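Shown next: coords_2.tsv, given as TSV, C-alpha atoms.
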```
chain	number	residue	atom	x	y	z
A	23	MET	CA	102.94	30.08	23.59
A	24	ALA	CA	102.57	31.01	27.23
A	25	VAL	CA	100.03	28.93	29.10
A	26	ASP	CA	97.42	30.32	31.46
A	27	VAL	CA	96.17	27.00	32.84
A	28	THR	CA	97.54	23.46	32.87
A	29	ILE	CA	95.00	20.66	33.29
A	30	LEU	CA	96.14	17.33	34.67
A	31	GLY	CA	93.99	14.47	33.41
A	32	ALA	CA	92.17	13.93	30.12
A	33	GLY	CA	89.07	12.13	31.35
A	34	VAL	CA	85.66	13.72	31.10
A	35	ALA	CA	86.40	16.25	33.86
A	36	GLY	CA	89.70	17.43	32.41
A	37	LEU	CA	88.46	17.66	28.83
A	38	CYS	CA	85.33	19.54	29.86
A	39	VAL	CA	87.35	22.03	31.89
A	40	ALA	CA	89.74	22.48	28.96
A	41	THR	CA	86.86	23.01	26.54
A	42	GLU	CA	85.20	25.57	28.79
A	43	LEU	CA	88.42	27.51	29.37
A	44	VAL	CA	89.42	27.55	25.71
A	45	ALA	CA	85.93	28.76	24.76
A	46	ARG	CA	86.49	31.71	27.08
A	47	GLY	CA	89.85	32.58	25.55
A	48	ALA	CA	92.25	30.96	28.00
A	49	ARG	CA	95.52	29.40	26.84
A	50	VAL	CA	95.44	25.81	28.00
A	51	ARG	CA	97.72	22.78	28.25
A	52	VAL	CA	96.38	19.26	28.97
A	53	ILE	CA	98.70	16.60	30.38
A	54	ASP	CA	97.78	12.94	30.76
A	55	PRO	CA	100.22	10.00	30.84
A	56	GLY	CA	97.65	7.94	28.93
A	57	GLY	CA	97.68	10.36	26.03
A	58	GLY	CA	93.93	10.93	25.80
A	59	PRO	CA	90.82	8.80	25.32
A	60	GLY	CA	91.42	5.05	25.20
A	61	LYS	CA	90.49	1.85	26.94
A	62	GLN	CA	91.34	3.24	30.33
A	63	GLY	CA	89.68	5.23	33.07
A	64	CYS	CA	86.11	5.37	34.27
A	65	SER	CA	85.21	7.97	31.60
A	66	TRP	CA	85.83	5.35	28.90
A	67	TRP	CA	83.49	2.87	30.61
A	68	ALA	CA	80.71	5.35	31.38
A	69	GLY	CA	77.10	4.83	30.39
A	70	GLY	CA	76.67	8.34	28.99
A	71	MET	CA	73.21	8.91	30.46
A	72	LEU	CA	72.15	12.53	30.86
A	73	ALA	CA	69.38	11.64	33.27
A	74	PRO	CA	69.19	14.17	36.11
A	75	ASP	CA	65.60	13.42	37.08
A	76	CYS	CA	66.21	9.68	37.34
A	77	GLU	CA	69.33	10.29	39.40
A	78	GLY	CA	67.12	12.16	41.85
A	79	GLU	CA	66.01	8.77	43.16
A	80	THR	CA	69.14	8.58	45.29
A	81	ALA	CA	71.21	11.70	44.51
A	82	GLU	CA	71.18	15.06	46.22
A	83	ALA	CA	69.11	17.93	44.83
A	84	GLU	CA	72.26	19.60	43.47
A	85	VAL	CA	72.81	16.67	41.09
A	86	VAL	CA	69.32	17.01	39.64
A	87	ARG	CA	69.54	20.79	39.27
A	88	LEU	CA	73.08	21.04	37.89
A	89	GLY	CA	72.55	18.06	35.61
A	90	GLN	CA	69.83	19.93	33.74
A	91	GLU	CA	72.48	21.94	31.88
A	92	ALA	CA	74.42	18.91	30.63
A	93	ALA	CA	72.60	18.12	27.38
A	94	GLY	CA	72.80	21.70	26.12
A	95	TRP	CA	76.49	21.96	27.01
A	96	TRP	CA	77.37	18.76	25.15
A	97	GLN	CA	75.43	19.84	22.09
A	98	ALA	CA	77.16	23.23	22.09
A	99	ALA	CA	80.48	21.36	22.23
A	100	GLY	CA	79.60	19.54	19.01
A	101	VAL	CA	78.70	16.19	20.58
A	102	PRO	CA	75.59	14.39	19.24
A	103	VAL	CA	72.98	13.98	21.98
A	104	GLU	CA	69.98	11.66	21.70
A	105	GLN	CA	67.08	13.42	23.41
A	106	LYS	CA	64.51	10.64	23.55
A	107	GLY	CA	64.03	10.41	27.30
A	108	THR	CA	64.44	7.52	29.71
A	109	LEU	CA	62.01	4.62	30.11
A	110	VAL	CA	61.90	3.07	33.60
A	111	LEU	CA	60.39	-0.40	34.00
A	112	ALA	CA	60.09	-3.18	36.55
A	113	LEU	CA	59.17	-6.84	36.30
A	114	GLY	CA	55.85	-7.83	37.86
A	115	ARG	CA	57.45	-9.15	41.03
A	116	ASP	CA	59.30	-5.85	41.46
A	117	ARG	CA	56.39	-3.49	40.84
A	118	ALA	CA	56.88	-1.93	44.28
A	119	GLU	CA	60.27	-0.72	43.04
A	120	LEU	CA	58.54	1.26	40.30
A	121	ASP	CA	56.20	2.90	42.82
A	122	ARG	CA	59.16	3.77	45.05
A	123	PHE	CA	61.08	5.22	42.09
A	124	ALA	CA	58.08	7.36	41.11
A	125	ARG	CA	57.74	8.76	44.64
A	126	ARG	CA	61.39	9.78	44.80
A	127	THR	CA	61.64	11.44	41.39
A	128	ALA	CA	59.97	14.15	39.33
A	129	GLY	CA	59.61	14.94	35.66
A	130	HIS	CA	58.02	11.65	34.61
A	131	GLU	CA	54.82	10.46	32.99
A	132	ALA	CA	53.16	7.24	34.12
A	133	LEU	CA	52.64	4.78	31.27
A	134	SER	CA	50.22	1.88	30.93
A	135	ALA	CA	51.19	-1.33	29.18
A	136	GLU	CA	49.87	0.22	25.97
A	137	GLY	CA	51.94	3.35	26.56
A	138	VAL	CA	55.11	1.31	27.05
A	139	GLY	CA	54.44	-0.52	23.77
A	140	LYS	CA	53.87	2.71	21.87
A	141	LEU	CA	57.12	4.15	23.16
A	142	GLU	CA	59.18	0.99	22.62
A	143	PRO	CA	57.37	-1.51	20.35
A	144	GLU	CA	60.00	-4.17	21.12
A	145	LEU	CA	58.76	-4.22	24.72
A	146	ALA	CA	55.02	-4.36	23.94
A	147	GLY	CA	53.19	-6.86	26.12
A	148	ARG	CA	56.18	-7.45	28.40
A	149	PHE	CA	55.57	-4.79	31.05
A	150	GLY	CA	52.32	-3.73	32.66
A	151	ARG	CA	53.37	-0.13	33.25
A	152	GLY	CA	56.35	2.18	33.31
A	153	LEU	CA	57.63	5.72	33.77
A	154	HIS	CA	58.81	7.98	30.96
A	155	PHE	CA	61.22	10.82	31.74
A	156	ALA	CA	60.78	12.66	28.44
A	157	GLY	CA	63.28	15.44	29.17
A	158	GLU	CA	66.30	13.18	29.57
A	159	ALA	CA	68.94	12.20	27.03
A	160	HIS	CA	72.03	10.10	26.40
A	161	LEU	CA	75.24	10.28	24.40
A	162	ASP	CA	78.07	7.99	23.34
A	163	PRO	CA	80.70	8.78	25.98
A	164	ARG	CA	83.63	7.46	23.97
A	165	GLY	CA	82.61	9.47	20.95
A	166	ALA	CA	82.10	12.50	23.18
A	167	LEU	CA	85.65	12.30	24.55
A	168	VAL	CA	87.09	11.97	21.04
A	169	THR	CA	85.02	14.93	19.84
A	170	LEU	CA	86.27	17.14	22.66
A	171	CYS	CA	89.87	16.17	21.86
A	172	GLU	CA	89.34	16.93	18.17
A	173	ARG	CA	87.77	20.31	18.89
A	174	LEU	CA	90.58	21.20	21.29
A	175	ALA	CA	93.18	20.16	18.70
A	176	GLU	CA	91.56	22.55	16.23
A	177	ARG	CA	92.32	25.28	18.78
A	178	GLY	CA	95.91	24.15	19.17
A	179	VAL	CA	95.44	22.13	22.37
A	180	THR	CA	96.56	18.49	22.30
A	181	VAL	CA	96.86	15.97	25.11
A	182	GLU	CA	100.53	15.69	26.06
A	183	ARG	CA	101.90	12.63	27.82
A	184	ASN	CA	104.85	14.39	29.42
A	185	ALA	CA	105.14	18.12	29.82
A	186	GLU	CA	105.97	20.66	32.47
A	187	PRO	CA	102.90	22.35	33.98
A	188	GLU	CA	102.66	26.09	33.46
A	189	GLY	CA	100.38	28.75	34.85
A	190	ARG	CA	97.62	27.77	37.22
A	191	ILE	CA	97.06	24.05	37.67
A	192	VAL	CA	93.69	22.28	37.58
A	193	ASP	CA	93.96	18.71	38.84
A	194	CYS	CA	91.36	16.39	37.26
A	195	ARG	CA	93.15	13.08	37.91
A	196	GLY	CA	90.26	11.26	39.59
A	197	LEU	CA	91.36	8.60	42.06
A	198	ALA	CA	95.01	9.33	41.31
A	199	ALA	CA	94.59	12.55	43.30
A	200	ARG	CA	94.14	10.70	46.58
A	201	ASP	CA	97.74	11.61	47.36
A	202	VAL	CA	96.41	15.08	48.23
A	203	LEU	CA	92.66	14.38	48.60
A	204	PRO	CA	92.51	11.57	51.16
A	205	GLY	CA	88.72	11.91	51.39
A	206	LEU	CA	88.31	10.38	47.94
A	207	ARG	CA	87.14	6.78	47.75
A	208	GLY	CA	86.64	4.38	44.88
A	209	VAL	CA	83.24	3.07	43.79
A	210	ARG	CA	83.69	0.20	41.39
A	211	GLY	CA	81.44	-0.20	38.37
A	212	GLU	CA	81.27	-3.11	35.93
A	213	MET	CA	79.54	-3.11	32.57
A	214	VAL	CA	79.04	-5.10	29.38
A	215	VAL	CA	78.91	-3.99	25.73
A	216	LEU	CA	76.75	-6.16	23.48
A	217	ARG	CA	75.81	-6.31	19.82
A	218	ALA	CA	72.19	-7.39	19.59
A	219	PRO	CA	70.78	-6.58	16.12
A	220	ALA	CA	67.53	-8.37	16.98
A	221	VAL	CA	66.85	-5.80	19.71
A	222	ARG	CA	65.70	-2.36	18.62
A	223	LEU	CA	65.49	0.13	21.47
A	224	GLY	CA	65.56	3.86	20.80
A	225	ARG	CA	66.23	5.25	24.26
A	226	THR	CA	67.83	4.45	27.60
A	227	VAL	CA	65.84	1.83	29.50
A	228	ARG	CA	66.22	1.25	33.24
A	229	LEU	CA	65.02	-2.04	34.68
A	230	LEU	CA	64.50	-1.76	38.42
A	231	HIS	CA	65.44	-4.51	40.81
A	232	PRO	CA	66.05	-4.29	44.57
A	233	ARG	CA	69.47	-5.91	44.25
A	234	HIS	CA	70.87	-5.34	40.76
A	235	PRO	CA	69.07	-2.61	38.78
A	236	LEU	CA	70.06	-2.42	35.12
A	237	TYR	CA	70.35	0.30	32.54
A	238	VAL	CA	70.57	-0.34	28.82
A	239	VAL	CA	71.89	2.48	26.65
A	240	PRO	CA	71.71	2.19	22.84
A	241	ARG	CA	74.93	3.01	21.02
A	242	GLY	CA	73.54	2.59	17.50
A	243	ASP	CA	73.95	-0.19	14.92
A	244	GLY	CA	72.56	-2.75	17.36
A	245	VAL	CA	75.19	-2.07	20.04
A	246	TYR	CA	74.14	-1.59	23.67
A	247	MET	CA	75.88	-0.75	26.91
A	248	LEU	CA	74.55	-2.70	29.91
A	249	GLY	CA	75.48	-1.40	33.30
A	250	ALA	CA	76.37	-1.10	35.97
A	251	THR	CA	77.28	-2.51	39.31
A	252	GLN	CA	78.05	-0.21	42.22
A	253	ILE	CA	80.51	-1.70	44.68
A	254	GLU	CA	82.39	0.09	47.46
A	255	SER	CA	85.86	-0.75	46.21
A	256	ASP	CA	88.72	0.95	44.41
A	257	GLY	CA	89.56	-2.27	42.57
A	258	ARG	CA	90.23	-1.56	38.92
A	259	GLY	CA	90.78	-5.11	37.69
A	260	PRO	CA	88.57	-7.17	35.37
A	261	ALA	CA	84.86	-7.59	36.02
A	262	SER	CA	83.82	-10.46	38.26
A	263	LEU	CA	81.89	-13.47	37.01
A	264	ARG	CA	79.05	-12.76	39.43
A	265	SER	CA	78.57	-9.18	38.27
A	266	THR	CA	78.76	-10.15	34.61
A	267	VAL	CA	76.19	-12.91	35.02
A	268	GLU	CA	73.83	-10.60	36.91
A	269	LEU	CA	74.05	-7.93	34.20
A	270	LEU	CA	73.47	-10.45	31.43
A	271	ASN	CA	70.56	-12.07	33.28
A	272	ALA	CA	68.95	-8.68	33.81
A	273	GLY	CA	69.38	-7.91	30.11
A	274	TYR	CA	67.69	-11.19	29.23
A	275	ALA	CA	64.83	-10.35	31.62
A	276	LEU	CA	64.32	-7.05	29.80
A	277	HIS	CA	64.28	-8.67	26.35
A	278	PRO	CA	64.87	-12.38	25.58
A	279	ALA	CA	66.62	-11.52	22.31
A	280	PHE	CA	69.62	-10.35	24.34
A	281	ALA	CA	70.34	-14.06	24.85
A	282	GLU	CA	71.63	-14.18	21.26
A	283	ALA	CA	73.75	-11.05	21.56
A	284	GLU	CA	77.48	-10.96	20.90
A	285	VAL	CA	79.50	-9.93	23.94
A	286	LEU	CA	81.87	-7.28	22.58
A	287	GLU	CA	83.44	-6.01	25.81
A	288	ILE	CA	83.32	-6.58	29.54
A	289	GLY	CA	84.86	-3.75	31.51
A	290	ALA	CA	85.32	-2.35	34.99
A	291	ASP	CA	86.81	0.67	36.70
A	292	ALA	CA	86.54	2.69	39.88
A	293	ARG	CA	84.76	6.03	40.02
A	294	PRO	CA	86.14	8.75	42.32
A	295	ALA	CA	83.70	9.86	45.01
A	296	PHE	CA	83.65	11.86	48.21
A	297	ALA	CA	81.74	10.68	51.27
A	298	ASP	CA	78.53	12.48	50.28
A	299	ASN	CA	78.78	11.44	46.60
A	300	LEU	CA	78.78	15.10	45.53
A	301	PRO	CA	81.57	16.49	43.35
A	302	ARG	CA	83.44	19.56	44.38
A	303	LEU	CA	86.23	21.99	43.62
A	304	VAL	CA	89.00	21.87	46.20
A	305	ARG	CA	91.89	24.29	46.57
A	306	ARG	CA	95.11	22.65	47.79
A	307	GLY	CA	98.19	24.81	47.60
A	308	ASP	CA	98.68	26.00	44.03
A	309	ARG	CA	96.18	23.51	42.58
A	310	LEU	CA	92.45	23.62	42.00
A	311	HIS	CA	91.06	20.08	42.13
A	312	VAL	CA	87.93	19.13	40.18
A	313	ASN	CA	86.96	15.71	41.44
A	314	GLY	CA	84.43	13.37	43.02
A	315	LEU	CA	82.09	13.01	40.05
A	316	PHE	CA	81.05	9.54	41.28
A	317	ARG	CA	78.70	7.98	38.70
A	318	HIS	CA	77.65	11.38	37.33
A	319	GLY	CA	80.68	12.11	35.16
A	320	PHE	CA	79.05	13.11	31.88
A	321	LEU	CA	76.05	14.56	33.69
A	322	LEU	CA	77.92	16.92	36.02
A	323	ALA	CA	81.29	17.56	34.33
A	324	PRO	CA	79.83	20.48	32.30
A	325	ALA	CA	78.60	22.24	35.46
A	326	LEU	CA	81.91	21.64	37.26
A	327	ALA	CA	83.81	22.94	34.21
A	328	ARG	CA	81.72	26.10	34.22
A	329	MET	CA	82.41	26.61	37.92
A	330	ALA	CA	86.13	26.06	37.46
A	331	ALA	CA	86.27	28.59	34.62
A	332	ASP	CA	84.23	31.11	36.62
A	333	HIS	CA	86.65	30.73	39.52
A	334	LEU	CA	89.88	30.87	37.51
A	335	LEU	CA	88.94	33.62	35.08
A	336	ASP	CA	86.37	35.70	36.98
A	337	MET	CA	87.37	35.02	40.60
A	338	LYS	CA	83.88	33.73	41.47
A	339	THR	CA	83.41	31.36	44.39
A	340	PRO	CA	81.91	28.15	43.03
A	341	GLU	CA	78.77	26.64	44.50
A	342	LEU	CA	80.52	23.33	45.16
A	343	MET	CA	83.76	24.74	46.54
A	344	GLU	CA	85.47	23.23	49.57
```

Rewrite the structure of this file - the entire thing - as structure tokens.
Amino acid sequence: MAVDVTILGAGVAGLCVATELVARGARVRVIDPGGGPGKQGCSWWAGGMLAPDCEGETAEAEVVRLGQEAAGWWQAAGVPVEQKGTLVLALGRDRAELDRFARRTAGHEALSAEGVGKLEPELAGRFGRGLHFAGEAHLDPRGALVTLCERLAERGVTVERNAEPEGRIVDCRGLAARDVLPGLRGVRGEMVVLRAPAVRLGRTVRLLHPRHPLYVVPRGDGVYMLGATQIESDGRGPASLRSTVELLNAGYALHPAFAEAEVLEIGADARPAFADNLPRLVRRGDRLHVNGLFRHGFLLAPALARMAADHLLDMKTPELME
């Protein structure tokens, strides 16, 4: 079969671009030396939060706006999405952080201590107030990557480890593309996966702290992802002791029952980012690069995939084109 587009990289960016192109009738090949989803790459270690309004605390307006389409795209792709919102909290000594977060974001409802307890009974009496972003969601990123691969395989597209590119090339290799995108930098993130059956949280919870804010994302069956540090480094080695201890301490501050949790995984990787932390499509020679997703991989990959497909198939100039 002749190929219209070859995609290099099978992380969240590459698989989303492949899914979007195949849905529009393109003939696609995906090449990745890793062979598809596995314990590698920042996509595997992602939190999976679809939280555009919360990201507005520090992100540009484009992130908030484009992220609004993520939940619907993932659902249309057959990926289960938990649409229960995000709960943002702060310990008493950090209450100013909650006020600051509220000023910098939109789409939230202020909760009293009673409101926090009604939303998450496990946290009743532990926090005096909070913010609820009811329109936000989360997904299991590892399950999402596997689902995209399975759906692509049903359409005859598998991830090949070694193959010769054909047709137009879309480069979604993340940090590996620095050989042609020198403006990319690495932003290291470390996270912990726990099994804590004594903790029952139904939605993503963010615990604010001026130094090491925490998010806790439920994975189901008592499993939680705790993340994540944000360090200006392209180091991709194991997580540091300091970062791990800070994450675990923050988890314990959220709910003491995390002290009895089983530590299932401790992971780290480096996210690809441009200087302004905005993703973009970049044309270099015969390649279209889709890169720079920073910490917004699962949130913004659908919008970038749509832009890439519009550009390749309909000759439209993408909003985030360099």

Sel. within 12 Å of pt (58.4, -3.2, 39.8), counting only C-alpha atoms, output as a ChimeraX atom specification
/A:110-124,149-153,228-232,235

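Take the candidates A:Val312, A:Ala279, A:Leu109, A:Val221 and check each one against Gly242 of chain A using all atoms listed in the file; the shortest distance goes to A:Val221.
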
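Shown here are all protein and nucleic acid residues lying within 8 Å of (67.2, 6.2, 18.0), with only C-alpha atoms considered: Glu104, Lys106, Leu223, Gly224, Arg225, Pro240 and Gly242 of chain A.
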
Per residue of segment 229-322 of chain A within 7 Å of segment 68-86 of chain A, which atom pair is closest and at what distance in Å (one decimal), using only C-alpha atoms, listed by chain and increasing number, as CSV?
```
residue,atom,partner,partner_atom,distance
A:Val239,CA,A:Gly69,CA,6.8
A:Met247,CA,A:Gly69,CA,6.7
A:Phe320,CA,A:Gly70,CA,6.1
A:Leu321,CA,A:Leu72,CA,5.2
```

Quote the spacing between atom CA of Ala331 of chain A and atom CA of Gly157 of chain A in Å to one decimal place.
27.0 Å

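Here atom CA of Thr108 of chain A is placed at a distance of 5.9 Å from atom CA of Val227 of chain A.
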
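Residue nearest Ala297 of chain A, chosen from A:Gly129, A:Val267, A:Gly31, A:Leu206 and counting all atoms listed in the file: A:Leu206.
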
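The residue that comes closest to Arg164 of chain A, out of A:Met337, A:Arg241, A:Glu344, A:Asp308 and on the basis of all atoms listed in the file, is A:Arg241.
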